Structures are given as C-alpha cells and as structure tokens.
$ cat upload_1.cif   # mmCIF, N, CA and C atoms
data_my_file
loop_
_atom_site.label_atom_id
_atom_site.label_comp_id
_atom_site.auth_asym_id
_atom_site.auth_seq_id
_atom_site.Cartn_x
_atom_site.Cartn_y
_atom_site.Cartn_z
N GLN V 18 106.63 89.05 83.92
CA GLN V 18 107.82 89.33 84.71
C GLN V 18 107.55 90.50 85.66
N VAL V 19 108.11 90.38 86.86
CA VAL V 19 107.93 91.43 87.88
C VAL V 19 109.29 91.99 88.23
N GLN V 20 109.36 93.29 88.31
CA GLN V 20 110.59 93.94 88.70
C GLN V 20 110.40 94.66 90.03
N LEU V 21 111.39 94.52 90.88
CA LEU V 21 111.40 95.23 92.16
C LEU V 21 112.63 96.13 92.17
N VAL V 22 112.42 97.41 92.38
CA VAL V 22 113.51 98.37 92.40
C VAL V 22 113.62 98.96 93.80
N GLU V 23 114.73 98.67 94.43
CA GLU V 23 114.98 99.13 95.80
C GLU V 23 115.86 100.38 95.77
N SER V 24 115.68 101.22 96.76
CA SER V 24 116.53 102.40 96.89
C SER V 24 116.57 102.83 98.34
N GLY V 25 117.54 103.66 98.67
CA GLY V 25 117.60 104.26 100.00
C GLY V 25 118.68 103.73 100.91
N GLY V 26 119.41 102.72 100.51
CA GLY V 26 120.48 102.21 101.35
C GLY V 26 121.66 103.16 101.38
N GLY V 27 122.63 102.86 102.25
CA GLY V 27 123.81 103.70 102.33
C GLY V 27 124.53 103.55 103.65
N LEU V 28 125.42 104.49 103.91
CA LEU V 28 126.21 104.52 105.13
C LEU V 28 125.63 105.55 106.09
N VAL V 29 125.43 105.15 107.33
CA VAL V 29 124.87 106.06 108.33
C VAL V 29 125.55 105.80 109.66
N GLN V 30 125.64 106.83 110.47
CA GLN V 30 126.25 106.68 111.78
C GLN V 30 125.28 106.03 112.76
N PRO V 31 125.77 105.38 113.79
CA PRO V 31 124.89 104.83 114.82
C PRO V 31 123.96 105.90 115.37
N GLY V 32 122.69 105.52 115.55
CA GLY V 32 121.68 106.46 116.01
C GLY V 32 120.98 107.20 114.88
N GLY V 33 121.49 107.07 113.68
CA GLY V 33 120.90 107.76 112.54
C GLY V 33 119.70 107.03 111.95
N SER V 34 119.21 107.58 110.84
CA SER V 34 118.01 107.04 110.20
C SER V 34 118.22 106.87 108.70
N LEU V 35 117.50 105.92 108.15
CA LEU V 35 117.44 105.72 106.71
C LEU V 35 116.04 105.28 106.34
N ARG V 36 115.65 105.54 105.11
CA ARG V 36 114.37 105.08 104.61
C ARG V 36 114.58 104.31 103.32
N LEU V 37 114.18 103.07 103.33
CA LEU V 37 114.27 102.22 102.14
C LEU V 37 112.94 102.23 101.40
N SER V 38 113.03 102.15 100.08
CA SER V 38 111.84 102.07 99.23
C SER V 38 111.98 100.90 98.29
N CYS V 39 110.86 100.29 97.94
CA CYS V 39 110.86 99.20 96.98
C CYS V 39 109.60 99.34 96.13
N ALA V 40 109.80 99.57 94.84
CA ALA V 40 108.68 99.74 93.92
C ALA V 40 108.55 98.51 93.03
N ALA V 41 107.36 97.96 92.97
CA ALA V 41 107.09 96.79 92.13
C ALA V 41 106.42 97.22 90.84
N SER V 42 106.87 96.60 89.74
CA SER V 42 106.26 96.90 88.44
C SER V 42 106.27 95.65 87.58
N GLY V 43 105.55 95.72 86.48
CA GLY V 43 105.49 94.57 85.58
C GLY V 43 104.20 93.81 85.70
N ARG V 44 104.27 92.50 85.45
CA ARG V 44 103.06 91.67 85.41
C ARG V 44 102.68 91.20 86.82
N ILE V 45 102.34 92.16 87.64
CA ILE V 45 101.87 91.79 88.97
C ILE V 45 100.47 92.34 89.12
N PHE V 46 99.50 91.46 89.10
CA PHE V 46 98.11 91.88 89.01
C PHE V 46 97.53 92.23 90.36
N SER V 47 97.99 91.56 91.39
CA SER V 47 97.46 91.83 92.71
C SER V 47 98.50 91.45 93.76
N ILE V 48 98.91 92.41 94.52
CA ILE V 48 99.91 92.17 95.57
C ILE V 48 99.21 91.79 96.86
N ASN V 49 99.70 90.76 97.50
CA ASN V 49 99.20 90.36 98.80
C ASN V 49 100.10 90.96 99.88
N ALA V 50 101.16 90.30 100.21
CA ALA V 50 102.03 90.80 101.28
C ALA V 50 103.32 91.38 100.70
N MET V 51 103.88 92.32 101.43
CA MET V 51 105.17 92.90 101.09
C MET V 51 106.03 92.85 102.34
N ALA V 52 107.32 92.72 102.17
CA ALA V 52 108.18 92.55 103.34
C ALA V 52 109.61 92.99 103.03
N TRP V 53 110.35 93.20 104.10
CA TRP V 53 111.78 93.44 104.02
C TRP V 53 112.49 92.35 104.81
N TYR V 54 113.54 91.80 104.21
CA TYR V 54 114.43 90.85 104.86
C TYR V 54 115.83 91.46 104.84
N ARG V 55 116.70 90.89 105.64
CA ARG V 55 118.10 91.32 105.60
C ARG V 55 119.02 90.13 105.82
N GLN V 56 120.22 90.28 105.31
CA GLN V 56 121.22 89.23 105.47
C GLN V 56 122.57 89.88 105.73
N ALA V 57 123.11 89.58 106.90
CA ALA V 57 124.44 90.06 107.28
C ALA V 57 125.47 89.00 106.89
N PRO V 58 126.73 89.39 106.72
CA PRO V 58 127.77 88.42 106.35
C PRO V 58 127.83 87.26 107.33
N GLY V 59 127.80 86.05 106.81
CA GLY V 59 127.90 84.87 107.66
C GLY V 59 126.64 84.49 108.39
N LYS V 60 125.56 85.20 108.13
CA LYS V 60 124.29 84.91 108.80
C LYS V 60 123.21 84.56 107.79
N GLU V 61 122.15 83.93 108.30
CA GLU V 61 121.03 83.60 107.44
C GLU V 61 120.16 84.83 107.19
N ARG V 62 119.43 84.78 106.10
CA ARG V 62 118.49 85.86 105.81
C ARG V 62 117.38 85.83 106.85
N GLU V 63 116.99 87.01 107.37
CA GLU V 63 115.97 87.07 108.39
C GLU V 63 114.91 88.11 108.03
N LEU V 64 113.71 87.87 108.52
CA LEU V 64 112.62 88.82 108.30
C LEU V 64 112.83 90.04 109.18
N VAL V 65 112.77 91.20 108.56
CA VAL V 65 112.86 92.46 109.30
C VAL V 65 111.45 92.96 109.62
N ALA V 66 110.62 93.05 108.59
CA ALA V 66 109.25 93.54 108.77
C ALA V 66 108.41 93.11 107.58
N GLY V 67 107.13 92.87 107.83
CA GLY V 67 106.20 92.52 106.77
C GLY V 67 104.89 93.25 106.96
N ILE V 68 104.16 93.41 105.86
CA ILE V 68 102.87 94.09 105.92
C ILE V 68 101.91 93.39 104.97
N THR V 69 100.72 93.13 105.45
CA THR V 69 99.73 92.42 104.65
C THR V 69 98.92 93.39 103.80
N ARG V 70 98.07 92.82 102.96
CA ARG V 70 97.21 93.64 102.12
C ARG V 70 96.27 94.49 102.97
N GLY V 71 95.93 93.97 104.14
CA GLY V 71 95.08 94.73 105.05
C GLY V 71 95.85 95.66 105.98
N ASP V 72 97.15 95.85 105.67
CA ASP V 72 97.99 96.79 106.41
C ASP V 72 98.32 96.34 107.83
N THR V 73 98.25 95.04 108.09
CA THR V 73 98.73 94.52 109.36
C THR V 73 100.24 94.32 109.26
N ALA V 74 100.96 94.92 110.20
CA ALA V 74 102.42 94.88 110.15
C ALA V 74 102.98 93.94 111.22
N ASP V 75 104.11 93.35 110.90
CA ASP V 75 104.80 92.46 111.83
C ASP V 75 106.28 92.78 111.75
N TYR V 76 106.98 92.64 112.89
CA TYR V 76 108.39 93.02 112.94
C TYR V 76 109.23 91.95 113.60
N GLY V 77 110.49 91.88 113.18
CA GLY V 77 111.43 91.04 113.90
C GLY V 77 111.71 91.65 115.26
N ASP V 78 112.02 90.81 116.23
CA ASP V 78 112.20 91.29 117.60
C ASP V 78 113.30 92.34 117.70
N SER V 79 114.32 92.22 116.90
CA SER V 79 115.47 93.12 117.03
C SER V 79 115.19 94.53 116.51
N VAL V 80 114.10 94.72 115.78
CA VAL V 80 113.83 96.04 115.21
C VAL V 80 112.55 96.68 115.74
N LYS V 81 111.83 95.95 116.57
CA LYS V 81 110.57 96.49 117.11
C LYS V 81 110.83 97.81 117.84
N GLY V 82 109.99 98.79 117.54
CA GLY V 82 110.11 100.08 118.18
C GLY V 82 111.08 101.02 117.48
N ARG V 83 111.85 100.49 116.54
CA ARG V 83 112.82 101.34 115.82
C ARG V 83 112.49 101.45 114.33
N PHE V 84 111.96 100.41 113.76
CA PHE V 84 111.65 100.39 112.32
C PHE V 84 110.15 100.43 112.12
N THR V 85 109.73 101.03 111.00
CA THR V 85 108.32 101.08 110.64
C THR V 85 108.16 100.74 109.16
N ILE V 86 107.31 99.77 108.88
CA ILE V 86 107.02 99.40 107.50
C ILE V 86 105.69 100.01 107.09
N SER V 87 105.62 100.46 105.84
CA SER V 87 104.37 101.02 105.32
C SER V 87 104.32 100.73 103.82
N ARG V 88 103.14 100.89 103.24
CA ARG V 88 103.00 100.63 101.80
C ARG V 88 102.07 101.63 101.17
N ASP V 89 102.31 101.89 99.90
CA ASP V 89 101.44 102.72 99.08
C ASP V 89 100.87 101.79 98.02
N LYS V 90 99.61 101.39 98.21
CA LYS V 90 99.02 100.40 97.32
C LYS V 90 98.88 100.93 95.90
N ALA V 91 98.60 102.21 95.76
CA ALA V 91 98.42 102.79 94.44
C ALA V 91 99.72 102.75 93.65
N LYS V 92 100.83 102.84 94.35
CA LYS V 92 102.14 102.86 93.69
C LYS V 92 102.85 101.51 93.75
N ASN V 93 102.20 100.51 94.36
CA ASN V 93 102.84 99.19 94.54
C ASN V 93 104.22 99.33 95.17
N THR V 94 104.30 100.16 96.18
CA THR V 94 105.58 100.47 96.81
C THR V 94 105.51 100.20 98.31
N VAL V 95 106.60 99.65 98.82
CA VAL V 95 106.72 99.42 100.26
C VAL V 95 107.92 100.19 100.77
N TYR V 96 107.80 100.71 101.98
CA TYR V 96 108.84 101.52 102.58
C TYR V 96 109.28 100.90 103.90
N LEU V 97 110.50 101.19 104.29
CA LEU V 97 110.99 100.80 105.60
C LEU V 97 111.71 101.99 106.21
N GLN V 98 111.09 102.60 107.19
CA GLN V 98 111.71 103.70 107.92
C GLN V 98 112.52 103.10 109.06
N MET V 99 113.80 103.36 109.07
CA MET V 99 114.70 102.79 110.06
C MET V 99 115.29 103.90 110.92
N ASN V 100 114.97 103.90 112.19
CA ASN V 100 115.46 104.90 113.13
C ASN V 100 116.35 104.24 114.18
N SER V 101 117.10 105.06 114.87
CA SER V 101 117.98 104.57 115.95
C SER V 101 118.82 103.39 115.47
N LEU V 102 119.43 103.55 114.33
CA LEU V 102 120.18 102.45 113.72
C LEU V 102 121.39 102.07 114.57
N LYS V 103 121.69 100.77 114.58
CA LYS V 103 122.79 100.22 115.35
C LYS V 103 123.76 99.52 114.38
N PRO V 104 125.00 99.37 114.79
CA PRO V 104 125.95 98.64 113.92
C PRO V 104 125.46 97.24 113.55
N GLU V 105 124.73 96.59 114.43
CA GLU V 105 124.23 95.26 114.13
C GLU V 105 123.10 95.25 113.11
N ASP V 106 122.63 96.43 112.70
CA ASP V 106 121.65 96.50 111.62
C ASP V 106 122.34 96.45 110.24
N THR V 107 123.65 96.48 110.24
CA THR V 107 124.39 96.41 108.99
C THR V 107 124.11 95.10 108.26
N ALA V 108 123.66 95.22 107.01
CA ALA V 108 123.29 94.03 106.23
C ALA V 108 122.86 94.47 104.83
N VAL V 109 122.67 93.50 103.98
CA VAL V 109 121.99 93.75 102.71
C VAL V 109 120.51 93.55 102.95
N TYR V 110 119.72 94.53 102.59
CA TYR V 110 118.28 94.49 102.81
C TYR V 110 117.58 94.15 101.49
N TYR V 111 116.68 93.17 101.56
CA TYR V 111 115.98 92.69 100.38
C TYR V 111 114.48 92.93 100.50
N CYS V 112 113.90 93.39 99.44
CA CYS V 112 112.45 93.54 99.35
C CYS V 112 111.84 92.23 98.84
N ASN V 113 110.71 91.86 99.40
CA ASN V 113 109.99 90.66 98.97
C ASN V 113 108.52 91.00 98.76
N VAL V 114 107.99 90.55 97.65
CA VAL V 114 106.58 90.81 97.33
C VAL V 114 105.92 89.48 96.97
N LYS V 115 104.77 89.24 97.53
CA LYS V 115 104.02 88.01 97.26
C LYS V 115 102.64 88.35 96.71
N GLY V 116 102.26 87.58 95.68
CA GLY V 116 100.90 87.66 95.18
C GLY V 116 100.04 86.63 95.90
N PHE V 117 98.93 86.28 95.30
CA PHE V 117 98.00 85.35 95.93
C PHE V 117 98.23 83.90 95.48
N LEU V 118 99.06 83.70 94.50
CA LEU V 118 99.39 82.36 94.05
C LEU V 118 100.80 82.00 94.51
N ALA V 119 101.04 80.72 94.74
CA ALA V 119 102.30 80.29 95.34
C ALA V 119 103.53 80.71 94.54
N TYR V 120 103.42 80.71 93.22
CA TYR V 120 104.59 81.05 92.41
C TYR V 120 104.86 82.55 92.38
N GLN V 121 103.96 83.34 92.87
CA GLN V 121 104.13 84.80 92.86
C GLN V 121 104.90 85.24 94.09
N ASP V 122 106.20 85.00 94.05
CA ASP V 122 107.09 85.30 95.17
C ASP V 122 108.33 85.94 94.58
N TYR V 123 108.50 87.23 94.75
CA TYR V 123 109.52 87.99 94.04
C TYR V 123 110.46 88.69 95.01
N TRP V 124 111.72 88.79 94.59
CA TRP V 124 112.77 89.39 95.42
C TRP V 124 113.46 90.52 94.67
N GLY V 125 113.82 91.56 95.42
CA GLY V 125 114.63 92.62 94.87
C GLY V 125 116.10 92.22 94.85
N GLN V 126 116.92 93.09 94.29
CA GLN V 126 118.35 92.79 94.14
C GLN V 126 119.14 93.04 95.42
N GLY V 127 118.53 93.72 96.36
CA GLY V 127 119.20 94.01 97.62
C GLY V 127 119.84 95.39 97.63
N THR V 128 119.83 96.01 98.80
CA THR V 128 120.48 97.31 98.97
C THR V 128 121.28 97.27 100.27
N GLN V 129 122.50 97.75 100.21
CA GLN V 129 123.41 97.67 101.36
C GLN V 129 123.10 98.78 102.35
N VAL V 130 122.98 98.40 103.61
CA VAL V 130 122.87 99.36 104.71
C VAL V 130 124.06 99.12 105.64
N THR V 131 124.84 100.15 105.87
CA THR V 131 126.01 100.06 106.73
C THR V 131 125.89 101.10 107.83
N VAL V 132 125.95 100.63 109.07
CA VAL V 132 125.86 101.52 110.23
C VAL V 132 127.22 101.52 110.91
N SER V 133 127.90 102.63 110.81
CA SER V 133 129.26 102.69 111.33
C SER V 133 129.65 104.13 111.58
N SER V 134 130.49 104.32 112.59
CA SER V 134 131.01 105.65 112.86
C SER V 134 132.36 105.86 112.17
#

$ encode --input "upload_1.cif" --output "structure tokens"
Amino acid sequence: QVQLVESGGGLVQPGGSLRLSCAASGRIFSINAMAWYRQAPGKERELVAGITRGDTADYGDSVKGRFTISRDKAKNTVYLQMNSLKPEDTAVYYCNVKGFLAYQDYWGQGTQVTVSS
C-alpha cells in the first residue's frame, strides 16, 4: 500500500503564493513520475504540472511561468510552488505518483486551494 500525504493548501488573495507538498510512503519501491492535477467545480480534472524521474518538468498552459514543480527523491516528495495566483486557480489539487508498472498509479486525497479577495 502507498500513502500520499498532501499539505499546503488554503485561502490566498489574488497575486499571492502557496506551496503544496506531497510525500509518498509505504510500499513504493521506485517512483517514476510525479505530478499535480486540479479539479474545479463543474470541470474535469486537468494536469497542472508533472516531473519525470530525470527531472524533466511539464506544465499546463494556464500555469506556465507562474508555477514550479520540483521533487526531493530522497524524501519521495514533490512540491508545487504557485506564484501570482488567480481566482481561476481555485480548485482541489491532487498529487499523483506513478511507478514503473502500470498498476502503480496513486492519488492523494486532494487539498483545497482558494484564491479570493
């Protein structure tokens, strides 16, 4: 069993910053890719940012230049630094971790990010 513990969500004013963290633990022998997704009310879940084992990062178009994904391999932790937040960034943010086998696809419980004045 693999557990993902997310933290760092909350309420922030437009233009502010937040940093999300997701720590993986349990029976995960080798992590391949890690990513953050988000889902706003009435919308489909979308990829925010992903990072490969080789530290290649990819971002959704709406967050490029504002968000930065990083990982600490020793701690099995992925981070999402979110700057210049906008009201449209409001959503539940989910951590996703993939191993090298197809069934190794794990999701966190989600953390709420609300951008509002």

$ atom_distance --input "upload_1.cif" --atom1 "atom C of Pro58 in chain V" --atom2 "CA of Leu21 in chain V"
23.7 Å

$ residues_around --input "upload_1.cif" --residues "range 67-69 of chain V" --least-positions-apart "2" --cutoff "8 Å" --atoms "all atoms listed in the file" --output "list in words"
Ile48, Asn49, Ala50, Met51, Ala52, Trp53, Tyr54, Leu64, Val65, Gly71, Asp72, Thr73, Ala74, Asp75, Tyr76, Gly77, Ile86, Ser87 and Arg88 of chain V

$ select_by_dssp --input "upload_1.cif" --residues "chain V" --states "strand (DSSP E)" --output "PyMOL selection string"
chain V and resi 19-24+27-29+35-43+50-56+63-68+74-76+84-89+94-99+108-115+122-124+128-132

$ residues_near_point --input "upload_1.cif" --point "(114.6, 90.7, 96.8)" --cutoff "8 Å" --atoms "only N, CA and C atoms" --output "JSON, numbers by chain"
{"V": [21, 54, 110, 111, 112, 113, 114, 123, 124, 125, 126, 127, 128]}

$ resolve_selection --input "upload_1.cif" --expression "the PyMOL selection byres (((chain V and resi 47 and name CA) around 9) and name CA)" --output "compact mmCIF listing (two decimals) with N, CA and C atoms, in the coordinates of the input"
# COMPACT_ATOMS: atom_id res chain seq x y z
N ILE V 45 102.34 92.16 87.64
CA ILE V 45 101.87 91.79 88.97
C ILE V 45 100.47 92.34 89.12
N PHE V 46 99.50 91.46 89.10
CA PHE V 46 98.11 91.88 89.01
C PHE V 46 97.53 92.23 90.36
N ILE V 48 98.91 92.41 94.52
CA ILE V 48 99.91 92.17 95.57
C ILE V 48 99.21 91.79 96.86
N ASN V 49 99.70 90.76 97.50
CA ASN V 49 99.20 90.36 98.80
C ASN V 49 100.10 90.96 99.88
N LYS V 115 104.77 89.24 97.53
CA LYS V 115 104.02 88.01 97.26
C LYS V 115 102.64 88.35 96.71
N GLY V 116 102.26 87.58 95.68
CA GLY V 116 100.90 87.66 95.18
C GLY V 116 100.04 86.63 95.90
N PHE V 117 98.93 86.28 95.30
CA PHE V 117 98.00 85.35 95.93
C PHE V 117 98.23 83.90 95.48

$ select_by_dssp --input "upload_1.cif" --residues "chain V" --states "helix (DSSP H, G or I)" --output "VMD selection string"
chain V and resid 90 to 92 104 to 106

$ closest_residue --input "upload_1.cif" --among "V:Val80, V:Ala108, V:Val132, V:Leu97" --to "Gly25 in chain V" --atoms "only C-alpha atoms"
V:Leu97

$ resolve_selection --input "upload_1.cif" --expression "the PyMOL selection byres ((chain V and resi 93) around 6)" --output "VMD selection string"
chain V and resid 39 to 41 89 to 92 94 to 95

$ atom_distance --input "upload_1.cif" --atom1 "atom N of Gly26 in chain V" --atom2 "atom C of Ser79 in chain V"
18.5 Å

$ closest_residue --input "upload_1.cif" --among "V:Ser38, V:Thr131, V:Gln30, V:Gln121" --to "Asp106 in chain V" --atoms "only C-alpha atoms"
V:Thr131

$ residues_around --input "upload_1.cif" --residues "Ser133 in chain V" --least-positions-apart "6" --cutoff "7 Å" --atoms "only N, CA and C atoms" --output "MDAnalysis selection string"
chainID V and resid 28:31 103:104

$ atom_distance --input "upload_1.cif" --atom1 "CA of Leu118 in chain V" --atom2 "CA of Arg70 in chain V"
14.0 Å

$ resolve_selection --input "upload_1.cif" --expression "the PyMOL selection byres ((chain V and resi 57) around 6)" --output "list in words"
Arg55, Gln56, Pro58, Gly59, Lys60, Glu61, Thr107, Ala108 and Val109 of chain V

$ residues_around --input "upload_1.cif" --residues "Ser101 in chain V" --least-positions-apart "5" --cutoff "8 Å" --atoms "only N, CA and C atoms" --output "JSON list (two decimals) with N, CA and C atoms, in the frame of the given file"
[["chain", "number", "residue", "atom", "x", "y", "z"],
["V", 30, "GLN", "N", 125.64, 106.83, 110.47],
["V", 30, "GLN", "CA", 126.25, 106.68, 111.78],
["V", 30, "GLN", "C", 125.28, 106.03, 112.76],
["V", 31, "PRO", "N", 125.77, 105.38, 113.79],
["V", 31, "PRO", "CA", 124.89, 104.83, 114.82],
["V", 31, "PRO", "C", 123.96, 105.90, 115.37],
["V", 32, "GLY", "N", 122.69, 105.52, 115.55],
["V", 32, "GLY", "CA", 121.68, 106.46, 116.01],
["V", 32, "GLY", "C", 120.98, 107.20, 114.88],
["V", 33, "GLY", "N", 121.49, 107.07, 113.68],
["V", 33, "GLY", "CA", 120.90, 107.76, 112.54],
["V", 33, "GLY", "C", 119.70, 107.03, 111.95],
["V", 34, "SER", "N", 119.21, 107.58, 110.84],
["V", 34, "SER", "CA", 118.01, 107.04, 110.20],
["V", 34, "SER", "C", 118.22, 106.87, 108.70],
["V", 35, "LEU", "N", 117.50, 105.92, 108.15],
["V", 35, "LEU", "CA", 117.44, 105.72, 106.71],
["V", 35, "LEU", "C", 116.04, 105.28, 106.34],
["V", 82, "GLY", "N", 109.99, 98.79, 117.54],
["V", 82, "GLY", "CA", 110.11, 100.08, 118.18],
["V", 82, "GLY", "C", 111.08, 101.02, 117.48],
["V", 83, "ARG", "N", 111.85, 100.49, 116.54],
["V", 83, "ARG", "CA", 112.82, 101.34, 115.82],
["V", 83, "ARG", "C", 112.49, 101.45, 114.33],
["V", 84, "PHE", "N", 111.96, 100.41, 113.76],
["V", 84, "PHE", "CA", 111.65, 100.39, 112.32],
["V", 84, "PHE", "C", 110.15, 100.43, 112.12]]
